[in-house]
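Enquirer: One file is attached below, structure29.pdb, containing PDB, C-alpha atoms, pLDDT in the B column.
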```
ATOM      1  CA  MET A 566      -3.428 -26.234  12.807  1.00 34.00           C
ATOM      2  CA  SER A 567      -1.282 -24.375  10.314  1.00 40.00           C
ATOM      3  CA  ARG A 568      -0.333 -25.915   7.029  1.00 43.00           C
ATOM      4  CA  ILE A 569       3.051 -26.026   5.347  1.00 46.00           C
ATOM      5  CA  ASP A 570       3.636 -26.665   1.675  1.00 49.00           C
ATOM      6  CA  PHE A 571       5.687 -29.857   1.872  1.00 46.00           C
ATOM      7  CA  VAL A 572       7.350 -29.196  -1.475  1.00 45.00           C
ATOM      8  CA  THR A 573       8.790 -25.762  -0.620  1.00 46.00           C
ATOM      9  CA  GLY A 574       8.546 -25.689   3.177  1.00 50.00           C
ATOM     10  CA  ALA A 575       6.900 -22.259   2.915  1.00 52.00           C
ATOM     11  CA  PRO A 576       4.231 -21.282   5.412  1.00 58.00           C
ATOM     12  CA  GLU A 577       0.622 -21.149   4.367  1.00 74.00           C
ATOM     13  CA  LYS A 578      -1.040 -19.802   7.498  1.00 84.00           C
ATOM     14  CA  TYR A 579       0.566 -16.340   7.177  1.00 89.00           C
ATOM     15  CA  ALA A 580       0.942 -16.220   3.410  1.00 90.00           C
ATOM     16  CA  HIS A 581      -1.788 -13.562   3.278  1.00 92.00           C
ATOM     17  CA  LEU A 582       0.502 -11.177   5.181  1.00 94.00           C
ATOM     18  CA  VAL A 583       3.288 -11.729   2.660  1.00 94.00           C
ATOM     19  CA  ASP A 584       0.791 -11.279  -0.185  1.00 94.00           C
ATOM     20  CA  ASP A 585      -0.385  -7.997   1.372  1.00 96.00           C
ATOM     21  CA  LEU A 586       3.184  -6.676   1.394  1.00 96.00           C
ATOM     22  CA  VAL A 587       3.478  -7.533  -2.308  1.00 95.00           C
ATOM     23  CA  GLN A 588       0.105  -5.888  -2.984  1.00 97.00           C
ATOM     24  CA  VAL A 589       0.989  -2.660  -1.179  1.00 97.00           C
ATOM     25  CA  ARG A 590       4.193  -2.441  -3.219  1.00 96.00           C
ATOM     26  CA  THR A 591       2.085  -2.653  -6.381  1.00 96.00           C
ATOM     27  CA  GLU A 592      -0.340  -0.018  -5.037  1.00 97.00           C
ATOM     28  CA  LEU A 593       2.528   2.350  -4.221  1.00 98.00           C
ATOM     29  CA  ARG A 594       3.987   1.958  -7.705  1.00 97.00           C
ATOM     30  CA  ALA A 595       0.610   2.740  -9.296  1.00 97.00           C
ATOM     31  CA  VAL A 596       0.196   5.881  -7.180  1.00 97.00           C
ATOM     32  CA  VAL A 597       3.696   7.208  -7.825  1.00 97.00           C
ATOM     33  CA  SER A 598       3.400   6.439 -11.549  1.00 95.00           C
ATOM     34  CA  SER A 599       0.435   8.778 -11.759  1.00 95.00           C
ATOM     35  CA  PHE A 600       2.670  11.758 -10.856  1.00 95.00           C
ATOM     36  CA  SER A 601       5.280  13.609 -12.857  1.00 95.00           C
ATOM     37  CA  GLU A 602       8.642  14.206 -11.201  1.00 95.00           C
ATOM     38  CA  ALA A 603       7.733  17.880 -10.782  1.00 94.00           C
ATOM     39  CA  GLU A 604       4.445  16.955  -9.083  1.00 93.00           C
ATOM     40  CA  MET A 605       6.301  14.601  -6.734  1.00 95.00           C
ATOM     41  CA  ARG A 606       8.539  17.456  -5.600  1.00 91.00           C
ATOM     42  CA  LEU A 607       5.817  20.066  -5.065  1.00 87.00           C
ATOM     43  CA  GLY A 608       4.936  20.739  -1.453  1.00 74.00           C
ATOM     44  CA  ARG A 609       1.559  22.194  -0.520  1.00 67.00           C
ATOM     45  CA  SER A 610       2.922  24.037   2.513  1.00 65.00           C
ATOM     46  CA  ASP A 611       5.898  24.078   4.851  1.00 65.00           C
ATOM     47  CA  ASP A 612       4.279  21.739   7.344  1.00 68.00           C
ATOM     48  CA  ILE A 613       3.029  19.116   4.848  1.00 83.00           C
ATOM     49  CA  TRP A 614       5.515  16.805   3.137  1.00 91.00           C
ATOM     50  CA  SER A 615       5.742  16.730  -0.632  1.00 93.00           C
ATOM     51  CA  ALA A 616       4.932  13.402  -2.281  1.00 95.00           C
ATOM     52  CA  LYS A 617       8.697  12.917  -2.838  1.00 96.00           C
ATOM     53  CA  ARG A 618       9.464  13.535   0.853  1.00 96.00           C
ATOM     54  CA  THR A 619       6.769  11.033   1.802  1.00 97.00           C
ATOM     55  CA  LEU A 620       8.323   8.530  -0.607  1.00 98.00           C
ATOM     56  CA  ALA A 621      11.730   9.179   0.999  1.00 98.00           C
ATOM     57  CA  HIS A 622      10.154   8.421   4.398  1.00 98.00           C
ATOM     58  CA  ILE A 623       8.906   5.114   2.993  1.00 98.00           C
ATOM     59  CA  GLY A 624      12.411   4.439   1.636  1.00 98.00           C
ATOM     60  CA  VAL A 625      13.946   4.820   5.083  1.00 98.00           C
ATOM     61  CA  TYR A 626      11.388   2.654   6.818  1.00 97.00           C
ATOM     62  CA  VAL A 627      11.244  -0.206   4.308  1.00 98.00           C
ATOM     63  CA  HIS A 628      14.949  -0.645   4.998  1.00 97.00           C
ATOM     64  CA  VAL A 629      14.696  -0.194   8.788  1.00 97.00           C
ATOM     65  CA  ASN A 630      11.703  -2.535   9.067  1.00 97.00           C
ATOM     66  CA  GLY A 631      13.235  -5.042   6.662  1.00 97.00           C
ATOM     67  CA  VAL A 632      16.356  -5.279   8.828  1.00 97.00           C
ATOM     68  CA  PHE A 633      14.224  -5.486  11.970  1.00 98.00           C
ATOM     69  CA  ILE A 634      12.015  -8.229  10.514  1.00 98.00           C
ATOM     70  CA  HIS A 635      15.161 -10.207   9.683  1.00 97.00           C
ATOM     71  CA  ARG A 636      16.377  -9.709  13.252  1.00 97.00           C
ATOM     72  CA  MET A 637      13.012 -10.842  14.630  1.00 97.00           C
ATOM     73  CA  ILE A 638      13.266 -14.078  12.651  1.00 95.00           C
ATOM     74  CA  THR A 639      16.873 -14.776  13.658  1.00 94.00           C
ATOM     75  CA  MET A 640      17.222 -13.290  17.167  1.00 95.00           C
ATOM     76  CA  THR A 641      15.441 -13.487  20.494  1.00 94.00           C
ATOM     77  CA  ASP A 642      13.492 -10.353  21.441  1.00 94.00           C
ATOM     78  CA  PRO A 643      15.445  -7.846  19.326  1.00 97.00           C
ATOM     79  CA  GLN A 644      14.826  -4.124  19.628  1.00 96.00           C
ATOM     80  CA  ARG A 645      14.490  -1.925  16.565  1.00 95.00           C
ATOM     81  CA  LEU A 646      17.172   0.715  16.793  1.00 90.00           C
ATOM     82  CA  PRO A 647      16.151   4.376  16.655  1.00 92.00           C
ATOM     83  CA  VAL A 648      16.502   6.153  13.333  1.00 94.00           C
ATOM     84  CA  THR A 649      17.364   9.751  12.547  1.00 96.00           C
ATOM     85  CA  GLU A 650      15.149   9.966   9.489  1.00 96.00           C
ATOM     86  CA  ASP A 651      16.360  13.268   8.018  1.00 96.00           C
ATOM     87  CA  HIS A 652      19.963  12.093   8.330  1.00 97.00           C
ATOM     88  CA  GLU A 653      19.130   8.798   6.588  1.00 97.00           C
ATOM     89  CA  ILE A 654      17.318  10.592   3.772  1.00 97.00           C
ATOM     90  CA  GLN A 655      20.256  12.931   3.249  1.00 97.00           C
ATOM     91  CA  THR A 656      22.906  10.196   3.531  1.00 96.00           C
ATOM     92  CA  ARG A 657      21.094   7.977   1.026  1.00 96.00           C
ATOM     93  CA  GLY A 658      20.404  10.905  -1.328  1.00 96.00           C
ATOM     94  CA  PHE A 659      16.707  10.065  -1.533  1.00 97.00           C
ATOM     95  CA  MET A 660      15.708  13.661  -2.336  1.00 96.00           C
ATOM     96  CA  ASN A 661      18.437  14.081  -4.971  1.00 96.00           C
ATOM     97  CA  GLY A 662      17.598  11.260  -7.373  1.00 93.00           C
ATOM     98  CA  SER A 663      14.397  10.670  -9.277  1.00 96.00           C
ATOM     99  CA  SER A 664      11.233   9.334  -7.707  1.00 96.00           C
ATOM    100  CA  LEU A 665      11.498   6.329 -10.022  1.00 96.00           C
ATOM    101  CA  GLU A 666      14.963   5.491  -8.664  1.00 97.00           C
ATOM    102  CA  LEU A 667      13.638   5.775  -5.124  1.00 97.00           C
ATOM    103  CA  LEU A 668      10.625   3.643  -5.997  1.00 97.00           C
ATOM    104  CA  ASN A 669      12.938   0.972  -7.455  1.00 97.00           C
ATOM    105  CA  TYR A 670      14.937   1.019  -4.200  1.00 98.00           C
ATOM    106  CA  ILE A 671      11.711   0.586  -2.210  1.00 98.00           C
ATOM    107  CA  ASP A 672      10.652  -2.299  -4.484  1.00 97.00           C
ATOM    108  CA  GLN A 673      14.005  -4.015  -3.920  1.00 98.00           C
ATOM    109  CA  GLU A 674      13.814  -3.602  -0.136  1.00 98.00           C
ATOM    110  CA  ILE A 675      10.266  -4.958  -0.012  1.00 98.00           C
ATOM    111  CA  GLN A 676      11.196  -7.849  -2.298  1.00 97.00           C
ATOM    112  CA  GLU A 677      14.058  -8.834   0.009  1.00 97.00           C
ATOM    113  CA  THR A 678      11.668  -8.855   2.971  1.00 97.00           C
ATOM    114  CA  VAL A 679       9.070 -10.817   0.991  1.00 96.00           C
ATOM    115  CA  GLY A 680      11.720 -13.350  -0.028  1.00 94.00           C
ATOM    116  CA  LEU A 681      12.727 -13.836   3.599  1.00 95.00           C
ATOM    117  CA  LEU A 682       9.145 -14.099   4.833  1.00 94.00           C
ATOM    118  CA  ALA A 683       8.155 -16.519   2.087  1.00 89.00           C
ATOM    119  CA  HIS A 684      10.520 -19.078   3.632  1.00 88.00           C
ATOM    120  CA  THR A 685       9.769 -18.347   7.284  1.00 90.00           C
ATOM    121  CA  PRO A 686       8.046 -21.290   8.993  1.00 85.00           C
ATOM    122  CA  ASP A 687       4.647 -20.702  10.538  1.00 83.00           C
ATOM    123  CA  ALA A 688       6.078 -21.321  14.022  1.00 83.00           C
ATOM    124  CA  ALA A 689       8.383 -18.272  13.698  1.00 89.00           C
ATOM    125  CA  TRP A 690       5.518 -15.817  13.091  1.00 92.00           C
ATOM    126  CA  GLY A 691       4.882 -15.573  16.831  1.00 93.00           C
ATOM    127  CA  ARG A 692       8.454 -14.432  17.576  1.00 95.00           C
ATOM    128  CA  ARG A 693       8.605 -11.079  19.378  1.00 97.00           C
ATOM    129  CA  GLY A 694      10.473  -7.838  18.813  1.00 97.00           C
ATOM    130  CA  VAL A 695      10.371  -4.435  20.489  1.00 97.00           C
ATOM    131  CA  VAL A 696       9.733  -1.092  18.763  1.00 94.00           C
ATOM    132  CA  ASP A 697       9.550   2.071  20.881  1.00 92.00           C
ATOM    133  CA  GLY A 698       9.056  -0.004  24.030  1.00 93.00           C
ATOM    134  CA  ASN A 699       6.181  -2.047  22.556  1.00 95.00           C
ATOM    135  CA  SER A 700       6.587  -5.787  22.076  1.00 97.00           C
ATOM    136  CA  ARG A 701       4.893  -7.180  18.955  1.00 96.00           C
ATOM    137  CA  SER A 702       4.924 -10.502  17.148  1.00 97.00           C
ATOM    138  CA  LEU A 703       6.378 -10.959  13.692  1.00 97.00           C
ATOM    139  CA  ARG A 704       2.882 -11.256  12.230  1.00 95.00           C
ATOM    140  CA  GLN A 705       1.877  -7.958  13.885  1.00 97.00           C
ATOM    141  CA  ARG A 706       5.073  -6.255  12.650  1.00 97.00           C
ATOM    142  CA  VAL A 707       4.546  -7.435   9.049  1.00 97.00           C
ATOM    143  CA  ALA A 708       0.893  -6.330   9.076  1.00 97.00           C
ATOM    144  CA  SER A 709       1.893  -2.967  10.552  1.00 97.00           C
ATOM    145  CA  HIS A 710       4.671  -2.594   7.968  1.00 97.00           C
ATOM    146  CA  ALA A 711       2.235  -3.085   5.077  1.00 98.00           C
ATOM    147  CA  ASP A 712      -0.324  -0.748   6.695  1.00 98.00           C
ATOM    148  CA  HIS A 713       2.334   1.948   7.169  1.00 97.00           C
ATOM    149  CA  ILE A 714       3.311   1.823   3.505  1.00 98.00           C
ATOM    150  CA  ARG A 715      -0.347   1.827   2.443  1.00 98.00           C
ATOM    151  CA  ASP A 716      -1.133   4.837   4.648  1.00 97.00           C
ATOM    152  CA  HIS A 717       1.669   6.811   3.042  1.00 97.00           C
ATOM    153  CA  ALA A 718       0.694   5.668  -0.459  1.00 97.00           C
ATOM    154  CA  ASP A 719      -2.743   7.103   0.286  1.00 96.00           C
ATOM    155  CA  GLN A 720      -1.079  10.287   1.553  1.00 94.00           C
ATOM    156  CA  ILE A 721       0.846  10.597  -1.717  1.00 95.00           C
ATOM    157  CA  ALA A 722      -2.292   9.919  -3.760  1.00 94.00           C
ATOM    158  CA  THR A 723      -4.109  12.824  -2.101  1.00 91.00           C
ATOM    159  CA  SER A 724      -1.195  15.268  -2.385  1.00 86.00           C
ATOM    160  CA  LYS A 725      -2.015  16.388  -5.957  1.00 74.00           C
TER     161      LYS A 725
END
```
Take the structure I supplied and represent it as structure tokens, if you would.
Expert:
Amino acid sequence: MSRIDFVTGAPEKYAHLVDDLVQVRTELRAVVSSFSEAEMRLGRSDDIWSAKRTLAHIGVYVHVNGVFIHRMITMTDPQRLPVTEDHEIQTRGFMNGSSLELLNYIDQEIQETVGLLAHTPDAAWGRRGVVDGNSRSLRQRVASHADHIRDHADQIATSK
């Protein structure tokens, strides 16, 4: 049986998933901080993203997944809408500003999702949502979200 902190009402059973999202944010910041702005912008070849382009990808998807996670908590069987990533990156100016500004945006998006999840009752973690035709629970989506960010943080780390 899951436990709930009776003072705050916050879930305890899935707190590790929320903690992992916080941890991956910290890992990403450490990786990006080890690069200069010039290093972030250098691409190794035409077919491999620069570290900055990878960070821009993360910027798009922390927002898209944050909105979708909110919809999963508040709606019945929502579908994540398709995204035109290059358009989003251009519209938001992710490649124009500094990597630090983009990293701060990513931190803010993750923090908003963490804040929402920290007050989501254990019973809601089984709610379903659909991405690319695949139905997943909230707990699966949050775990996948953290893994996706971590995979790209690793990609950035090895791009030097």
Enquirer: Just how far from atom CA of A:Met637 is atom CA of A:Val707, in Å to one decimal?
Expert: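 Computed distance, atom CA of A:Val707 to atom CA of A:Met637, equals 10.7 Å.
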Enquirer: Name the closest residue to A:Ile714 among the candidates A:Val648, A:Leu668, A:Ala595, A:Ile623; distances are taken between atoms, counting all atoms listed in the file.
Expert: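 For A:Ile714, the nearest of the candidates is A:Ile623.
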Enquirer: Need the neighbours of (-0.9, 3.5, -1.4): which residues are at most 10 Å away, counting only C-alpha atoms, as a ChimeraX atom specification?
Expert: /A:588-597,711-723
Enquirer: Quick check on the file I pasted: which residues fall under the PyMOL selection byres ((chain A and resi 642) around 8)? Write them as a PyMOL selection string.
Expert: chain A and resi 637+640-641+643-644+692-695
Enquirer: Could you name the residues that touch A:Trp690 at 9 Å or less, counting all atoms listed in the file, but leaving out those on the same chain fewer than 3 positions away, as a ChimeraX atom specification?
Expert: /A:579,638,685-687,693,702-705
Enquirer: Report, in Å to a single decimal, how far apart atom CA of A:Gly680 and atom CA of A:Thr649 are.
Expert: 26.9 Å
Enquirer: Could you check how far atom CA of A:His628 sits from atom CA of A:Lys725, in Å to one decimal?
Expert: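 About the pair atom CA of A:His628 and atom CA of A:Lys725: they are 26.4 Å apart.
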Enquirer: Considering all atoms listed in the file, state which residue in the set A:Thr639, A:Ser709, A:Ser664, A:Asn630 is at the smallest distance from A:Met605.
Expert: A:Ser664
Enquirer: Counting all atoms listed in the file, find residues at most 8 Å from (6.8, -14.0, 5.0) (file frame) and give them as a ChimeraX atom specification.
Expert: /A:576,579-580,582-583,678-685
Enquirer: Which residue out of A:Gly631, A:Phe600, A:Val625, A:Arg636 has the minimum interatomic distance to A:Asp651 when all atoms listed in the file are used?
Expert: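 Comparing A:Gly631, A:Phe600, A:Val625, A:Arg636 against A:Asp651, the winner is A:Val625.
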Enquirer: Assuming the chain letters and numbering stay as they are in my file, what does the PyMOL selection byres ((chain A and resi 622) around 10) actually select? List them as a PyMOL selection string.
Expert: chain A and resi 614+616-621+623-627+650-651+653-654+659+714+717
Enquirer: Filtering to C-alpha atoms, could you give me those residues as a PDB file, in the coordinates of the input?
Expert:
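Wrote part38.pdb, looks like this:
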```pdb
ATOM      1  CA  TRP A 614       5.515  16.805   3.137  1.00 91.00           C
ATOM      2  CA  ALA A 616       4.932  13.402  -2.281  1.00 95.00           C
ATOM      3  CA  LYS A 617       8.697  12.917  -2.838  1.00 96.00           C
ATOM      4  CA  ARG A 618       9.464  13.535   0.853  1.00 96.00           C
ATOM      5  CA  THR A 619       6.769  11.033   1.802  1.00 97.00           C
ATOM      6  CA  LEU A 620       8.323   8.530  -0.607  1.00 98.00           C
ATOM      7  CA  ALA A 621      11.730   9.179   0.999  1.00 98.00           C
ATOM      8  CA  ILE A 623       8.906   5.114   2.993  1.00 98.00           C
ATOM      9  CA  GLY A 624      12.411   4.439   1.636  1.00 98.00           C
ATOM     10  CA  VAL A 625      13.946   4.820   5.083  1.00 98.00           C
ATOM     11  CA  TYR A 626      11.388   2.654   6.818  1.00 97.00           C
ATOM     12  CA  VAL A 627      11.244  -0.206   4.308  1.00 98.00           C
ATOM     13  CA  GLU A 650      15.149   9.966   9.489  1.00 96.00           C
ATOM     14  CA  ASP A 651      16.360  13.268   8.018  1.00 96.00           C
ATOM     15  CA  GLU A 653      19.130   8.798   6.588  1.00 97.00           C
ATOM     16  CA  ILE A 654      17.318  10.592   3.772  1.00 97.00           C
ATOM     17  CA  PHE A 659      16.707  10.065  -1.533  1.00 97.00           C
ATOM     18  CA  ILE A 714       3.311   1.823   3.505  1.00 98.00           C
ATOM     19  CA  HIS A 717       1.669   6.811   3.042  1.00 97.00           C
TER      20      HIS A 717
END
```
Enquirer: Hey, could you pull the box centre and edge lengths for stretch 656-673 of chain A, axis-aligned, 3 Å padding per side, all listed atoms, to one decimal in Å, as lines of an AutoDock Vina configuration file?
Expert:
```
center_x = 16.8
center_y = 5.0
center_z = -3.2
size_x = 18.3
size_y = 24.1
size_z = 19.6
```
Enquirer: Counting all atoms listed in the file, which residue out of A:Asn669, A:Ile634, A:Ala603, A:Gly691 sits closest to A:His710?
Expert: A:Ile634
Enquirer: Considering all atoms listed in the file, state which residue in the set A:Leu586, A:Gly658, A:Ser615, A:Val696 is at the smallest distance from A:Asp672.
Expert: A:Leu586
Enquirer: For A:Ser663, which residue among A:Glu677, A:Glu577, A:Asp697, A:Glu604 is the nearest when counting all atoms listed in the file?
Expert: A:Glu604
